[in-house]
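Peer 1: The structure under discussion is supplied below as structure tokens; questions concerning it will follow.
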There are 2 protein chains.
Amino acid sequence: MRNRVLSSALLMALAIGVSHAQGAWQPLPDSAPAPADNPTTAAKVELGKMLYFDPRLSSTGTVSCFSCHNVMEGGDDHMTTSAGVHGLKGGRNAPTVWNAAFHSVQFWDGRAPSLEEQAKGPPVNPIEMGMANLDAVIDRVRHIPGYRPHFEKAFGAGEVVTMDNAAKAIAAYERTLITPGSPYDRHAKGDKNALGGQQARGMETFAAVGCTSCHQGPAFNGPALPAGTGFFMKFPSYPDSPYVAKYRLADDPGRFSATHDEADRGMWRVPTLLNLEYTAPYMHNGAVKTLPEAVRVMASTQLNRTVTDAEVADIVAFLGALTGPFPQQTMPRLPPTPGDLLE
Amino acid sequence: MRNRVLSSALLMALAIGVSHAQGAWQPLPDSAPAPADNPTTAAKVELGKMLYFDPRLSSTGTVSCFSCHNVMEGGDDHMTTSAGVHGLKGGRNAPTVWNAAFHSVQFWDGRAPSLEEQAKGPPVNPIEMGMANLDAVIDRVRHIPGYRPHFEKAFGAGEVVTMDNAAKAIAAYERTLITPGSPYDRHAKGDKNALGGQQARGMETFAAVGCTSCHQGPAFNGPALPAGTGFFMKFPSYPDSPYVAKYRLADDPGRFSATHDEADRGMWRVPTLLNLEYTAPYMHNGAVKTLPEAVRVMASTQLNRTVTDAEVADIVAFLGALTGPFPQQTMPRLPPTPGDLLE
């Protein structure tokens with residue numbers, strides 16, 4: 001399935017329009033939208049949480065969704081690029097799972113139109129969870145008898161232990177991984193004391209410098225678009241920026257690698273900025289280690305601007321106001337393993 | 001520090017004496033004992049939980065205590081032997097962390113006299129968490145500024161971010177990982193309806209066959225002994241058992257590898273049997289895949305007995321009654337990573 005893609009020029013126009021129409025500073029909603037065919041239910045969320053934490057869904061039995069998308073921290077893994085089965089390294093920095101539910105497409109290149117489709121990717125990626133195919137993944141789940149009652153509770157009786165249902169459950173769980181209530185959110189809802197002085201100044205700088213051209217909306221990942229329609233931007237937009245060579249920012253062709261369409265070369269989904277202080281290192285290749293440097297890089301490569309140290313400090317202070325309270329979660333209890341599962 | 005060791009003959013006598021003195025069937029206590037210099041406090045438990053789940057304490061940033069001692073499942077990792085950094089495989093099956101607090105020594109060979117000392121082992125084991133030394137481990141923790149307030153809350157002001165305190169916190173957390181309230185516990189407390197018919201029959205068979213010679217006491221890991229004094233038994237006791245060759249049960253010299261004392265050759269700490277249905281595969285080398293086979297192996301190698309299929313089924317039913325309710329736990333929130341942590 002190919003996602004619909006809007007041209008970046010059109011998107012930019014749309015973005016500005018949406019931004020103006022909805023107001024520049026919007027708080028994160030208290031719940032995430034769910035598709036009509038996968039309403040979020042408590043039973044699905046609980047099952048999805050179990051599957052999310054279960055390393056038995058990987059070929060070696062050692063890697064789970066949680067391994068690279070650590071919900072006890074920033075929803076990623078603090079690595080430049082992630083380590084999958086056998087310690088193999090991926091090519092891109094793990095995006096945070098926090099507030100992924102507010103992205104209209106998934107992965108850095110937007111190749112999955114939904115959380116449900118995204119969930120089917122890593123298990124069969126040979127350098128991530130390394131299973132041969134999705135049938136092998138769900139066979140593993142079926143081989144753990146304790147999962148069946150949880151699938152039946154979530155999806156009813158019958159042949160419900162399917163990969164589609166497993167993906168639906170994981171997506172339902174991920175829709176609970178949202179962080180409304182940041183100082184920024186409270187400010188956007190009218191609390192005049194929510195931001196500190198430097199944070200408030202940083203917010204103005206953030207807009208004045210032009211960051212909001214792309215990083216706008218409640219999750220700072222662009223305008224509201226229909227599910228499956230991605231908000232993509234060229235990165236780097238100014239390839240002569242010295243940071244491009246320094247951090248090898250143009251080596252990866254971005255969305256082109258998913259579509260093989262020349263128009264997509266160097267195009268990337270605009271990522272959320274929420275909880276950014278938890279997600280170092282930065283950029284699609286994890287090459288930029290600190291938040292101040294990330295601000296300098298983006299100003300240079302995307303806006304052709306050199307920002308002062310004071311501007312950087314203010315923007316970083318503002319970005320710190322985008323950290324929301326992570327919801328308190330109970331640990332799932334996974335069903336026991338038959339001794340011959342991994343033979 | 002060398003643990004005190006009692007001879008197995010003396011221990012056997014002591015065991016039988018203790019067993020008779022305290023009554024054959026004892027329920028698991030509702031709390032675990034703590035050493036005088038490390039009383040269990042809520043602040044220590046919370047810090048310990050954070051450290052327990054933190055993969056940044058490993059050289060690759062991918063392996064935590066939780067990786068091999070999964071408290072969402074059986075407190076182990078459902079692997080024959082565990083996978084550490086770079087996918088390296090250990091030599092022994094991961095023992096469960098559930099109720100480890102009721103062991104008087106730690107590790108299969110009892111080489112650590114306490115949970116505190118145990119916690120300092122895996123981080124610097126080259127095939128587990130792979131750090132160069134304990135200084136490097138605590139340097140990692142110090143490099144994550146968000147940890148300091150949690151250490152201060154647990155241990156007071158000053159130079160409290162130390163490896164000793166980190167180990168104390170992890171041990172304090174582990175003392176909360178206990179599972180009183182199993183059907184067996186309820187039976188031992190007088191609930192006549194706690195066990196099913198086959199479970200009750202299995203309990204009698206378990207004792208009649210002789211399993212209780214070693215697997216006695218509230219955690220089925222031997223008599224009450226002072227902290228640091230291990231309860232060790234020869235395994236296999238009957239080396240001519242056909243299972244010894246089949247499962248290579250005599251290849252590992254056991255406690256000898258820790259002490260290099262010939263008297264310790266083939267000696268092993270008697271492990272707990274609680275939550276056994278969650279901890280397949282079995283034995284120090286994880287060679288035995290299922291619980292019924294484990295029962296046959298132990299009867300043959302330790303008691304020189306062949307058990308009937310009916311006896312095996314009854315004993316397995318009884319062992320199922322040793323699964324306690326895992327306490328509901330909230331997930332810790334780990335402090336964010338400076339981008340250059342793993343450079």
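Simple scheme: letters A, B, ... for chains in structure tokens order, numbers from 1 for residues in each chain, numbers from 1 for ligands in the order shown.
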Could you tell me which residues of chain B sit within 6 Å of chain A when counting only C-alpha atoms, and give me the result as a PyMOL selection string?
Peer 2: chain B and resi 72-73+86-87+278+280-281+289-290+329-334+336+339-340
Peer 1: Would you export the selected residues with C-alpha atoms as an mmCIF file, in the first residue's frame, please?
Peer 2:
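Full text of part-v8.cif as output:
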```
data_model
loop_
_atom_site.group_PDB
_atom_site.id
_atom_site.type_symbol
_atom_site.label_atom_id
_atom_site.label_comp_id
_atom_site.auth_asym_id
_atom_site.auth_seq_id
_atom_site.Cartn_x
_atom_site.Cartn_y
_atom_site.Cartn_z
ATOM 1 C CA MET B 72 7.301 -9.499 33.749
ATOM 2 C CA GLU B 73 7.687 -13.247 33.407
ATOM 3 C CA HIS B 86 27.155 -8.555 21.588
ATOM 4 C CA GLY B 87 24.860 -11.590 21.830
ATOM 5 C CA TYR B 278 7.481 -19.925 34.570
ATOM 6 C CA ALA B 280 11.664 -23.395 31.680
ATOM 7 C CA PRO B 281 14.129 -24.603 30.553
ATOM 8 C CA LYS B 289 13.102 -28.353 28.381
ATOM 9 C CA THR B 290 10.001 -29.375 30.276
ATOM 10 C CA GLN B 329 4.597 -3.181 39.799
ATOM 11 C CA THR B 330 4.645 0.243 38.271
ATOM 12 C CA MET B 331 7.280 0.932 35.665
ATOM 13 C CA PRO B 332 10.154 3.117 36.784
ATOM 14 C CA ARG B 333 10.947 6.315 34.921
ATOM 15 C CA LEU B 334 14.624 6.523 34.056
ATOM 16 C CA PRO B 336 17.334 11.115 30.389
ATOM 17 C CA GLY B 339 23.855 12.456 24.137
ATOM 18 C CA ASP B 340 27.502 11.619 24.627
#
```
Peer 1: Please provide as a list in words all residues within 9 Å of Arg148 of chain A, with the sequence filter that same-chain residues fewer than 5 positions apart are discarded (counting only C-alpha atoms).
Peer 2: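 Contacts, with the query itself left out: Val141, Arg142, Lys153, Val160 and Val161 of chain A.
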Peer 1: Write out as a ChimeraX atom specification all residues of segment 151-231 of chain B that DSSP puts in helix (DSSP H, G or I) for this structure's backbone.
Peer 2: /B:151-155,163-174,183-188,197-209,211-213
Peer 1: At a cut-off of 8 Å, using only C-alpha atoms, what residues contact segment 34-49 of chain A? Leave out same-chain residues fewer than 5 positions from it and give the result as a list of chain:residue names.
Peer 2: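 Everything that qualifies: A:His150, A:Phe151, A:Lys153, A:Ala154, A:Phe155, A:Ala166, A:Ala167, A:Lys168, A:Ala169, A:Ile170, A:Ala171, A:Ala172, A:Tyr173, A:Glu174, A:Arg175, A:Thr176, A:Pro332.
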Peer 1: Just to confirm, what's the straight-line distance from atom CA of Met203 of chain A to atom CA of Leu274 of chain A in Å (one decimal)?
Peer 2: 13.7 Å
Peer 1: In Å, how far is it from atom CA of Pro180 of chain B to atom CA of Thr96 of chain B?
Peer 2: 15.2 Å
Peer 1: Fewer than 4 positions away in the same chain doesn't count, so skip those; otherwise give me all residues within 10 Å of segment 251-261 of chain A, counting only C-alpha atoms, as a PyMOL selection string.
Peer 2: chain A and resi 2-3+91-92+107-112+232-235+244-245+247+265-269+284-285
Peer 1: Set the distance at 7 Å and use only C-alpha atoms: which residues neighbour Ala227 of chain A once local chain neighbours fewer than 2 positions away are removed? I'd like the list as an MDAnalysis selection string.
Peer 2: chainID A and resid 104:105 113:114 225 229
Peer 1: Select, from A:Glu117, A:Phe220, A:Leu57, A:His103, the residue with the minimum atom-to-atom distance to Ala207 of chain A, counting only C-alpha atoms.
Peer 2: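 Between A:Glu117, A:Phe220, A:Leu57, A:His103, the residue approaching Ala207 of chain A most closely is A:Phe220.
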